[in-house]
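final30.txt (compact mmCIF, C-alpha atoms)
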# COMPACT_ATOMS: atom_id res chain seq x y z
CA ARG I 1 -81.53 107.32 -255.67
CA GLN I 2 -84.76 109.33 -255.95
CA ALA I 3 -86.73 106.52 -254.34
CA ARG I 4 -84.25 106.44 -251.45
CA ARG I 5 -84.51 110.20 -250.95
CA ARG I 6 -88.28 110.04 -250.95
CA ALA I 7 -88.15 107.22 -248.40
CA GLU I 8 -85.85 109.37 -246.22
CA LEU I 9 -88.26 112.31 -246.38
CA ARG I 10 -91.14 110.05 -245.43
CA ALA I 11 -89.16 108.72 -242.49
CA LEU I 12 -88.52 112.29 -241.29
CA ALA I 13 -92.23 113.09 -241.61
CA LEU I 14 -91.44 116.80 -241.59
CA GLY I 15 -94.38 119.11 -241.19
CA ARG I 16 -95.83 117.88 -237.94
CA GLY I 17 -96.46 120.28 -235.10
CA GLU I 18 -98.48 123.41 -235.39
CA PHE I 19 -98.18 127.05 -236.28
CA ARG I 20 -100.47 129.99 -235.68
CA LEU I 21 -99.74 132.61 -238.29
CA GLN I 22 -101.66 135.27 -240.24
CA ASP I 23 -101.95 135.53 -243.99
CA HIS I 24 -101.22 138.71 -245.92
CA GLY I 25 -104.90 139.64 -245.67
CA GLY I 26 -104.67 139.50 -241.87
CA ARG I 27 -106.63 136.24 -241.46
CA PRO I 28 -105.40 133.68 -238.90
CA ARG I 29 -104.05 130.50 -240.49
CA ARG I 30 -102.99 127.24 -238.91
CA MET I 31 -101.14 124.29 -240.42
CA ALA I 32 -104.33 122.21 -240.31
CA ASP I 33 -106.07 124.77 -242.56
CA PHE I 34 -103.96 123.46 -245.44
CA HIS I 35 -104.70 119.77 -244.87
CA GLY I 36 -106.55 118.26 -247.77
CA GLN I 37 -104.61 120.47 -250.19
CA TRP I 38 -101.38 120.05 -252.08
CA VAL I 39 -99.00 122.86 -251.23
CA LEU I 40 -95.80 124.25 -252.72
CA LEU I 41 -94.15 126.10 -249.85
CA TYR I 42 -91.23 128.52 -249.82
CA PHE I 43 -89.60 130.26 -246.84
CA GLY I 44 -87.94 133.62 -247.52
CA PHE I 45 -88.07 137.34 -246.85
CA THR I 46 -89.11 140.41 -248.83
CA HIS I 47 -85.77 142.28 -248.49
CA CYS I 48 -84.04 139.41 -250.26
CA PRO I 49 -81.54 140.57 -252.96
CA ASP I 50 -82.09 137.87 -255.57
CA VAL I 51 -82.75 134.32 -254.42
CA CYS I 52 -86.30 134.74 -253.12
CA PRO I 53 -87.68 136.60 -256.18
CA GLU I 54 -86.05 134.00 -258.44
CA GLU I 55 -87.40 131.03 -256.48
CA LEU I 56 -90.87 132.58 -256.21
CA GLU I 57 -90.97 133.20 -259.96
CA LYS I 58 -90.11 129.57 -260.45
CA LEU I 59 -92.71 128.45 -257.92
CA GLY I 60 -95.32 130.68 -259.58
CA ARG I 61 -94.52 129.30 -263.04
CA ALA I 62 -94.66 125.71 -261.76
CA ALA I 63 -98.05 126.39 -260.12
CA GLU I 64 -99.31 127.95 -263.36
CA LEU I 65 -98.20 124.97 -265.45
CA LEU I 66 -99.84 122.53 -263.04
CA GLU I 67 -103.08 124.56 -263.06
CA ARG I 68 -103.37 124.04 -266.81
CA ASP I 69 -104.03 120.33 -266.32
CA PRO I 70 -107.66 119.87 -265.23
CA ALA I 71 -106.99 116.25 -264.28
CA LEU I 72 -104.71 117.32 -261.41
CA PRO I 73 -105.93 118.40 -257.97
CA PRO I 74 -105.52 122.11 -257.15
CA LEU I 75 -102.30 123.26 -255.53
CA GLN I 76 -101.81 126.10 -253.05
CA PRO I 77 -98.64 128.21 -253.45
CA LEU I 78 -97.52 129.32 -250.00
CA PHE I 79 -94.85 131.68 -248.68
CA ILE I 80 -93.78 131.93 -245.04
CA THR I 81 -91.56 134.81 -244.03
CA LEU I 82 -88.34 134.31 -242.10
CA ASP I 83 -88.28 138.03 -241.29
CA PRO I 84 -91.48 138.71 -239.30
CA GLU I 85 -89.85 141.87 -237.86
CA ARG I 86 -90.21 143.64 -241.20
CA ASP I 87 -92.56 141.40 -243.18
CA ASP I 88 -95.98 142.25 -241.82
CA ALA I 89 -99.17 141.53 -243.79
CA PRO I 90 -99.04 144.70 -245.97
CA ALA I 91 -95.35 144.11 -246.78
CA LEU I 92 -96.12 140.54 -247.82
CA ALA I 93 -99.09 141.63 -249.93
CA ARG I 94 -96.94 144.18 -251.80
CA PHE I 95 -94.16 141.67 -252.36
CA LEU I 96 -96.14 138.58 -253.33
CA ARG I 97 -98.53 140.11 -255.86
CA ASP I 98 -95.70 140.13 -258.44
CA PHE I 99 -95.47 136.35 -258.51
CA HIS I 100 -98.72 134.37 -258.61
CA PRO I 101 -102.31 135.51 -258.02
CA ARG I 102 -103.06 132.79 -255.48
CA LEU I 103 -99.70 132.90 -253.71
CA LEU I 104 -100.54 133.20 -250.02
CA GLY I 105 -98.10 134.81 -247.58
CA LEU I 106 -97.90 134.01 -243.88
CA THR I 107 -96.37 136.01 -241.07
CA GLY I 108 -96.75 136.26 -237.30
CA SER I 109 -94.79 136.58 -234.11
CA ALA I 110 -91.09 135.72 -234.09
CA GLU I 111 -91.91 132.69 -231.96
CA GLU I 112 -94.56 131.31 -234.28
CA VAL I 113 -92.43 131.88 -237.37
CA ARG I 114 -89.55 130.04 -235.69
CA ALA I 115 -91.91 127.16 -234.87
CA ALA I 116 -93.01 126.94 -238.50
CA ALA I 117 -89.42 127.02 -239.76
CA ARG I 118 -88.45 124.34 -237.26
CA ALA I 119 -91.34 122.10 -238.28
CA TYR I 120 -89.92 121.94 -241.82
CA GLY I 121 -86.23 121.88 -240.92
CA VAL I 122 -85.55 125.35 -242.29
CA TYR I 123 -82.36 127.19 -241.29
CA ALA I 124 -82.51 130.98 -240.94
CA ALA I 125 -80.25 133.60 -239.34
CA ALA I 126 -80.54 137.37 -239.61
CA GLY I 127 -77.25 139.11 -240.40
CA PRO I 128 -75.93 142.28 -238.77
CA GLN I 129 -77.88 145.51 -239.27
CA ASP I 130 -76.30 148.44 -241.09
CA GLU I 131 -76.80 152.06 -240.11
CA ASP I 132 -80.16 152.14 -241.95
CA GLY I 133 -81.30 149.14 -239.92
CA ASP I 134 -81.22 146.99 -243.06
CA TYR I 135 -80.03 143.37 -242.91
CA ILE I 136 -79.99 140.17 -244.92
CA VAL I 137 -81.49 136.93 -243.60
CA ASP I 138 -79.31 133.97 -244.45
CA HIS I 139 -81.50 130.90 -244.99
CA SER I 140 -81.70 127.49 -246.57
CA VAL I 141 -83.36 127.59 -249.98
CA PHE I 142 -85.91 124.96 -250.95
CA ILE I 143 -89.37 124.75 -252.43
CA TYR I 144 -91.24 122.17 -250.38
CA LEU I 145 -94.01 119.93 -251.68
CA LEU I 146 -96.58 119.09 -249.01
CA GLY I 147 -99.15 116.39 -249.56
CA PRO I 148 -102.77 116.62 -248.42
CA ASP I 149 -101.76 115.27 -245.00
CA GLY I 150 -99.49 118.31 -244.57
CA LEU I 151 -96.28 116.30 -244.52
CA LEU I 152 -93.21 116.86 -246.65
CA LEU I 153 -93.12 114.69 -249.78
CA ASP I 154 -90.28 116.31 -251.67
CA CYS I 155 -88.08 119.39 -251.79
CA TYR I 156 -86.59 121.22 -254.74
CA GLY I 157 -83.33 123.16 -254.61
CA ARG I 158 -82.03 126.10 -256.63
CA ALA I 159 -80.91 123.92 -259.50
CA LYS I 160 -84.35 122.43 -260.16
CA THR I 161 -86.23 124.11 -263.02
CA ASP I 162 -89.96 124.84 -263.06
CA ALA I 163 -90.43 122.01 -265.57
CA GLN I 164 -88.62 119.55 -263.32
CA ILE I 165 -90.76 120.61 -260.34
CA VAL I 166 -93.93 120.19 -262.42
CA GLN I 167 -92.85 116.72 -263.52
CA SER I 168 -92.09 115.69 -259.93
CA VAL I 169 -95.29 117.15 -258.44
CA ARG I 170 -97.35 115.47 -261.12
CA ARG I 171 -95.71 112.12 -260.33
CA HIS I 172 -96.38 112.56 -256.59
CA MET I 173 -100.00 113.47 -257.26
CA GLU I 174 -100.50 110.41 -259.40
CA THR I 175 -98.93 108.00 -256.91
CA TYR I 176 -99.93 109.64 -253.62
CA GLU I 177 -100.07 107.68 -250.37
CA PRO I 178 -100.20 109.38 -246.93
CA VAL I 179 -96.72 109.63 -245.36
CA LEU I 180 -97.83 108.24 -242.01
CA LYS I 181 -100.11 105.25 -242.27
CA ARG G 1 -87.74 154.07 -236.27
CA GLU G 2 -89.87 153.57 -239.38
CA LYS G 3 -89.53 150.27 -241.17
CA MET G 4 -87.98 150.57 -244.63
CA SER G 5 -90.12 149.11 -247.40
CA ALA G 6 -88.57 146.33 -249.40
CA PRO G 7 -87.62 147.27 -252.98
CA THR G 8 -90.42 146.81 -255.52
CA MET G 9 -90.04 144.55 -258.55
CA GLU G 10 -89.07 147.57 -260.69
CA GLU G 11 -86.46 148.67 -258.17
CA ARG G 12 -85.08 145.13 -257.95
CA LYS G 13 -84.73 144.88 -261.72
CA ALA G 14 -83.09 148.33 -261.92
CA CYS G 15 -80.59 147.21 -259.25
CA TRP G 16 -79.85 143.91 -261.01
CA GLY G 17 -79.43 145.73 -264.32
CA ALA G 18 -76.95 148.20 -262.81
CA ARG G 19 -75.09 145.35 -261.13
CA ASP G 20 -74.90 143.41 -264.41
CA GLU G 21 -73.56 146.46 -266.28
CA PHE G 22 -70.91 146.95 -263.61
CA TRP G 23 -69.95 143.27 -263.66
CA GLN G 24 -69.77 143.21 -267.45
CA CYS G 25 -67.39 146.17 -267.26
CA LEU G 26 -65.22 144.28 -264.75
CA ASP G 27 -65.26 141.28 -267.11
CA ARG G 28 -64.05 143.49 -269.96
CA HIS G 29 -61.27 145.04 -267.84
CA ALA G 30 -59.98 141.98 -266.00
CA GLU G 31 -61.47 143.08 -262.68
CA ASP G 32 -59.83 146.55 -262.84
CA GLY G 33 -62.36 148.51 -260.78
CA SER G 34 -60.77 151.87 -261.67
CA LYS G 35 -62.01 151.47 -265.26
CA CYS G 36 -65.60 151.01 -264.05
CA ALA G 37 -65.97 153.75 -261.46
CA GLU G 38 -69.03 155.35 -263.05
CA LEU G 39 -70.88 152.03 -263.37
CA ARG G 40 -69.90 151.26 -259.78
CA ARG G 41 -71.55 154.49 -258.70
CA GLY G 42 -74.64 153.58 -260.73
CA PHE G 43 -74.76 150.17 -259.05
CA GLU G 44 -74.38 151.68 -255.57
CA GLY G 45 -77.05 154.26 -256.39
CA ARG G 46 -79.64 151.74 -257.52
CA CYS G 47 -79.20 149.06 -254.87
CA PRO G 48 -79.65 149.06 -251.08
CA GLN G 49 -76.30 149.09 -249.31
CA GLN G 50 -76.89 145.58 -247.94
CA TRP G 51 -77.45 144.28 -251.45
CA VAL G 52 -74.25 145.95 -252.74
CA LYS G 53 -72.30 144.13 -250.00
CA TYR G 54 -74.09 140.88 -250.76
CA PHE G 55 -73.44 141.11 -254.53
CA ASP G 56 -69.79 142.08 -253.94
CA LYS G 57 -69.36 138.90 -251.91
CA ARG G 58 -71.17 136.92 -254.59
CA ARG G 59 -68.83 138.31 -257.23
CA ASP G 60 -65.83 137.28 -255.15
CA PHE G 61 -67.28 133.81 -254.75
CA LEU G 62 -67.98 133.46 -258.48
CA LYS G 63 -64.43 134.58 -259.32
CA TYR G 64 -62.99 132.08 -256.83
CA LYS G 65 -65.16 129.31 -258.23
CA LYS G 66 -64.01 130.14 -261.77
CA LYS G 67 -60.40 130.11 -260.63
CA LEU G 68 -60.86 126.65 -259.12
CA GLU G 69 -62.46 125.41 -262.31
CA THR G 70 -59.77 126.76 -264.62
CA GLU G 71 -56.62 126.48 -262.49
CA GLY G 72 -57.52 123.63 -260.19
CA TYR G 73 -57.12 123.58 -256.46
CA ASN G 74 -53.60 124.37 -255.23
CA PRO G 75 -53.29 123.64 -251.52
CA PRO G 76 -51.10 126.10 -249.62
CA GLU G 77 -47.43 125.08 -249.57
CA ALA G 78 -46.36 123.30 -246.40
CA ALA G 79 -43.87 125.20 -244.25
CA GLY G 80 -40.28 123.91 -244.22
CA LYS G 81 -39.88 122.43 -247.69
CA SER G 82 -36.93 120.10 -248.08
Rewrite the structure from the file as structure tokens, please.
Amino acid sequence: RQARRRAELRALALGRGEFRLQDHGGRPRRMADFHGQWVLLYFGFTHCPDVCPEELEKLGRAAELLERDPALPPLQPLFITLDPERDDAPALARFLRDFHPRLLGLTGSAEEVRAAARAYGVYAAAGPQDEDGDYIVDHSVFIYLLGPDGLLLDCYGRAKTDAQIVQSVRRHMETYEPVLK
Amino acid sequence: REKMSAPTMEERKACWGARDEFWQCLDRHAEDGSKCAELRRGFEGRCPQQWVKYFDKRRDFLKYKKKLETEGYNPPEAAGKS
């Protein structure tokens, strides 16, 4: 079943296209900047009640565990906001520092963020605003594994533990072939 | 209008703690909210309004899920029984 799912993801070849975003330090970042690196990517927003902090803690722990093995290539933890209206670079910096020291946050214009979400098949919809202007962004929840060619190799849902993610990433790293030949 | 900052990690944990205390009270009193009014106020005081709404819905969902698991699914009765 796992092999079939991996084959389906390869067939989709998600992660093509382009985005022009900025990281939480204000530097411009494009998709191609991450080619050559393994990436664990999560889409969320800083005003998230529970899911995003939980998933980012898990992502951070998985990244930490993988870092401990010197035989494995380095991995870049990455966060892309689905709420660019509120999540500017300083907001991302404040939010992300609680999770992993190398966790990089990306934001940008609404258009560019939408393009990035679309490239990876992410669903997102902002809910109604209350009288304080606060709102929740409903969104699909996955941690995505990108290979060095930038394409989606695997995705991990809420039920996957950090240990399971580590095991899976390790297996992908050891057996890696580019998605598109 | 100034953008509201997202809650910090400390504020998030304080909110979750207050929510959990309130929910534990509801568990102890078979969902009787009147027995947990003070904890409800604590929960509302520590969490953004949007999060209170969100967690209320989550609680409803979790209760419904538990009901399905313990009682099973009973489809609504068809109109005009013989």
Just give me the gap between atom CA of Gly25 of chain I and atom CA of Ala91 of chain I in Å, one decimal is fine. 10.6 Å
Close residues, Ala63 of chain I itself excluded, 10 Å, all atoms listed in the file, min 3 positions apart in chain, as JSON, numbers by chain: {"I": [39, 40, 57, 58, 59, 60, 66, 67, 68, 74, 75, 76, 77, 100, 102, 103, 162, 165, 166, 169]}
Expected answer as a ChimeraX atom specification: chain I residues within 9 Å of chain G, all atoms listed in the file: /I:46-50,53,86-87,91,94-95,98,129-130,132-136
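Between atom CA of Gly105 of chain I and atom CA of Met31 of chain I the separation is 13.1 Å.
Checking I:Ala89, I:Val122, I:Val137, I:Ala116 one by one against Cys155 of chain I, counting only C-alpha atoms, you find the shortest gap at I:Val122.
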Could you pull the residues within 12 Å of Gly15 of chain I, counting only C-alpha atoms, minus those fewer than 3 positions along the same chain, as a PDB file with C-alpha atoms, keeping the file's coordinate frame?
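around-v4.pdb, written as the output of this step:
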ATOM      1  CA  LEU I   9     -88.260 112.310-246.380  1.00  0.00           C
ATOM      2  CA  ARG I  10     -91.140 110.050-245.430  1.00  0.00           C
ATOM      3  CA  ALA I  11     -89.160 108.720-242.490  1.00  0.00           C
ATOM      4  CA  LEU I  12     -88.520 112.290-241.290  1.00  0.00           C
ATOM      5  CA  GLU I  18     -98.480 123.410-235.390  1.00  0.00           C
ATOM      6  CA  PHE I  19     -98.180 127.050-236.280  1.00  0.00           C
ATOM      7  CA  MET I  31    -101.140 124.290-240.420  1.00  0.00           C
ATOM      8  CA  ALA I  32    -104.330 122.210-240.310  1.00  0.00           C
ATOM      9  CA  PHE I  34    -103.960 123.460-245.440  1.00  0.00           C
ATOM     10  CA  HIS I  35    -104.700 119.770-244.870  1.00  0.00           C
ATOM     11  CA  VAL I  39     -99.000 122.860-251.230  1.00  0.00           C
ATOM     12  CA  LEU I  41     -94.150 126.100-249.850  1.00  0.00           C
ATOM     13  CA  ALA I 115     -91.910 127.160-234.870  1.00  0.00           C
ATOM     14  CA  ALA I 116     -93.010 126.940-238.500  1.00  0.00           C
ATOM     15  CA  ALA I 117     -89.420 127.020-239.760  1.00  0.00           C
ATOM     16  CA  ARG I 118     -88.450 124.340-237.260  1.00  0.00           C
ATOM     17  CA  ALA I 119     -91.340 122.100-238.280  1.00  0.00           C
ATOM     18  CA  TYR I 120     -89.920 121.940-241.820  1.00  0.00           C
ATOM     19  CA  GLY I 121     -86.230 121.880-240.920  1.00  0.00           C
ATOM     20  CA  VAL I 122     -85.550 125.350-242.290  1.00  0.00           C
ATOM     21  CA  TYR I 144     -91.240 122.170-250.380  1.00  0.00           C
ATOM     22  CA  LEU I 145     -94.010 119.930-251.680  1.00  0.00           C
ATOM     23  CA  LEU I 146     -96.580 119.090-249.010  1.00  0.00           C
ATOM     24  CA  GLY I 147     -99.150 116.390-249.560  1.00  0.00           C
ATOM     25  CA  PRO I 148    -102.770 116.620-248.420  1.00  0.00           C
ATOM     26  CA  ASP I 149    -101.760 115.270-245.000  1.00  0.00           C
ATOM     27  CA  GLY I 150     -99.490 118.310-244.570  1.00  0.00           C
ATOM     28  CA  LEU I 151     -96.280 116.300-244.520  1.00  0.00           C
ATOM     29  CA  LEU I 152     -93.210 116.860-246.650  1.00  0.00           C
ATOM     30  CA  LEU I 153     -93.120 114.690-249.780  1.00  0.00           C
ATOM     31  CA  ASP I 154     -90.280 116.310-251.670  1.00  0.00           C
ATOM     32  CA  VAL I 179     -96.720 109.630-245.360  1.00  0.00           C
ATOM     33  CA  LEU I 180     -97.830 108.240-242.010  1.00  0.00           C
TER      34      LEU I 180
END
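The gap separating atom CA of Leu82 of chain I from atom CA of Ala124 of chain I is 6.8 Å, in Å to one decimal.
With only C-alpha atoms taken into account, the protein and nucleic acid residues at most 8 Å from His24 of chain I (excluding it and anything under 4 positions from it in its own chain) are Asp88, Ala89, Pro90, Leu92, Ala93, Leu104, Gly105, Leu106 and Thr107 of chain I.
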Fewer than 6 positions away in the same chain doesn't count, so skip those; otherwise give me all residues within 12 Å of Asp32 of chain G, counting only C-alpha atoms, as a ChimeraX atom specification. /G:22-26,40
Reconstructed N, CA and C atoms for segment 101-125 of chain I, given as a PDB file, in the frame of the given file:
ATOM      1  N   PRO I 101    -101.100 134.916-258.626  1.00  0.00           N
ATOM      2  CA  PRO I 101    -102.310 135.510-258.020  1.00  0.00           C
ATOM      3  C   PRO I 101    -102.808 134.802-256.769  1.00  0.00           C
ATOM      4  N   ARG I 102    -102.559 133.496-256.673  1.00  0.00           N
ATOM      5  CA  ARG I 102    -103.060 132.790-255.480  1.00  0.00           C
ATOM      6  C   ARG I 102    -101.972 132.547-254.434  1.00  0.00           C
ATOM      7  N   LEU I 103    -100.789 133.106-254.672  1.00  0.00           N
ATOM      8  CA  LEU I 103     -99.700 132.900-253.710  1.00  0.00           C
ATOM      9  C   LEU I 103    -100.069 133.549-252.385  1.00  0.00           C
ATOM     10  N   LEU I 104    -100.119 132.738-251.337  1.00  0.00           N
ATOM     11  CA  LEU I 104    -100.540 133.200-250.020  1.00  0.00           C
ATOM     12  C   LEU I 104     -99.311 133.382-249.145  1.00  0.00           C
ATOM     13  N   GLY I 105     -99.229 134.542-248.455  1.00  0.00           N
ATOM     14  CA  GLY I 105     -98.100 134.810-247.580  1.00  0.00           C
ATOM     15  C   GLY I 105     -98.514 134.672-246.126  1.00  0.00           C
ATOM     16  N   LEU I 106     -97.635 134.136-245.307  1.00  0.00           N
ATOM     17  CA  LEU I 106     -97.900 134.010-243.880  1.00  0.00           C
ATOM     18  C   LEU I 106     -96.838 134.708-243.062  1.00  0.00           C
ATOM     19  N   THR I 107     -97.275 135.372-242.007  1.00  0.00           N
ATOM     20  CA  THR I 107     -96.370 136.010-241.070  1.00  0.00           C
ATOM     21  C   THR I 107     -96.951 135.849-239.670  1.00  0.00           C
ATOM     22  N   GLY I 108     -96.254 136.370-238.667  1.00  0.00           N
ATOM     23  CA  GLY I 108     -96.750 136.260-237.300  1.00  0.00           C
ATOM     24  C   GLY I 108     -95.691 136.709-236.326  1.00  0.00           C
ATOM     25  N   SER I 109     -95.793 136.228-235.119  1.00  0.00           N
ATOM     26  CA  SER I 109     -94.790 136.580-234.110  1.00  0.00           C
ATOM     27  C   SER I 109     -93.489 135.838-234.420  1.00  0.00           C
ATOM     28  N   ALA I 110     -92.397 136.358-233.876  1.00  0.00           N
ATOM     29  CA  ALA I 110     -91.090 135.720-234.090  1.00  0.00           C
ATOM     30  C   ALA I 110     -91.129 134.265-233.638  1.00  0.00           C
ATOM     31  N   GLU I 111     -91.816 134.037-232.525  1.00  0.00           N
ATOM     32  CA  GLU I 111     -91.910 132.690-231.960  1.00  0.00           C
ATOM     33  C   GLU I 111     -92.636 131.725-232.883  1.00  0.00           C
ATOM     34  N   GLU I 112     -93.761 132.176-233.418  1.00  0.00           N
ATOM     35  CA  GLU I 112     -94.560 131.310-234.280  1.00  0.00           C
ATOM     36  C   GLU I 112     -93.850 131.030-235.593  1.00  0.00           C
ATOM     37  N   VAL I 113     -93.171 132.059-236.118  1.00  0.00           N
ATOM     38  CA  VAL I 113     -92.430 131.880-237.370  1.00  0.00           C
ATOM     39  C   VAL I 113     -91.294 130.878-237.157  1.00  0.00           C
ATOM     40  N   ARG I 114     -90.628 130.990-236.014  1.00  0.00           N
ATOM     41  CA  ARG I 114     -89.550 130.040-235.690  1.00  0.00           C
ATOM     42  C   ARG I 114     -90.101 128.630-235.611  1.00  0.00           C
ATOM     43  N   ALA I 115     -91.298 128.488-235.004  1.00  0.00           N
ATOM     44  CA  ALA I 115     -91.910 127.160-234.870  1.00  0.00           C
ATOM     45  C   ALA I 115     -92.208 126.579-236.247  1.00  0.00           C
ATOM     46  N   ALA I 116     -92.712 127.408-237.146  1.00  0.00           N
ATOM     47  CA  ALA I 116     -93.010 126.940-238.500  1.00  0.00           C
ATOM     48  C   ALA I 116     -91.736 126.517-239.210  1.00  0.00           C
ATOM     49  N   ALA I 117     -90.695 127.339-239.105  1.00  0.00           N
ATOM     50  CA  ALA I 117     -89.420 127.020-239.760  1.00  0.00           C
ATOM     51  C   ALA I 117     -88.863 125.705-239.218  1.00  0.00           C
ATOM     52  N   ARG I 118     -88.958 125.547-237.909  1.00  0.00           N
ATOM     53  CA  ARG I 118     -88.450 124.340-237.260  1.00  0.00           C
ATOM     54  C   ARG I 118     -89.202 123.101-237.737  1.00  0.00           C
ATOM     55  N   ALA I 119     -90.516 123.246-237.873  1.00  0.00           N
ATOM     56  CA  ALA I 119     -91.340 122.100-238.280  1.00  0.00           C
ATOM     57  C   ALA I 119     -90.889 121.534-239.630  1.00  0.00           C
ATOM     58  N   TYR I 120     -90.349 122.394-240.490  1.00  0.00           N
ATOM     59  CA  TYR I 120     -89.920 121.940-241.820  1.00  0.00           C
ATOM     60  C   TYR I 120     -88.414 121.849-241.959  1.00  0.00           C
ATOM     61  N   GLY I 121     -87.684 122.007-240.858  1.00  0.00           N
ATOM     62  CA  GLY I 121     -86.230 121.880-240.920  1.00  0.00           C
ATOM     63  C   GLY I 121     -85.537 123.009-241.650  1.00  0.00           C
ATOM     64  N   VAL I 122     -86.109 124.200-241.590  1.00  0.00           N
ATOM     65  CA  VAL I 122     -85.550 125.350-242.290  1.00  0.00           C
ATOM     66  C   VAL I 122     -84.527 126.076-241.412  1.00  0.00           C
ATOM     67  N   TYR I 123     -83.378 126.408-241.988  1.00  0.00           N
ATOM     68  CA  TYR I 123     -82.360 127.190-241.290  1.00  0.00           C
ATOM     69  C   TYR I 123     -82.539 128.668-241.650  1.00  0.00           C
ATOM     70  N   ALA I 124     -82.468 129.545-240.653  1.00  0.00           N
ATOM     71  CA  ALA I 124     -82.510 130.980-240.940  1.00  0.00           C
ATOM     72  C   ALA I 124     -81.741 131.743-239.878  1.00  0.00           C
ATOM     73  N   ALA I 125     -80.998 132.764-240.287  1.00  0.00           N
ATOM     74  CA  ALA I 125     -80.250 133.600-239.340  1.00  0.00           C
ATOM     75  C   ALA I 125     -80.137 135.006-239.899  1.00  0.00           C
TER      76      ALA I 125
END
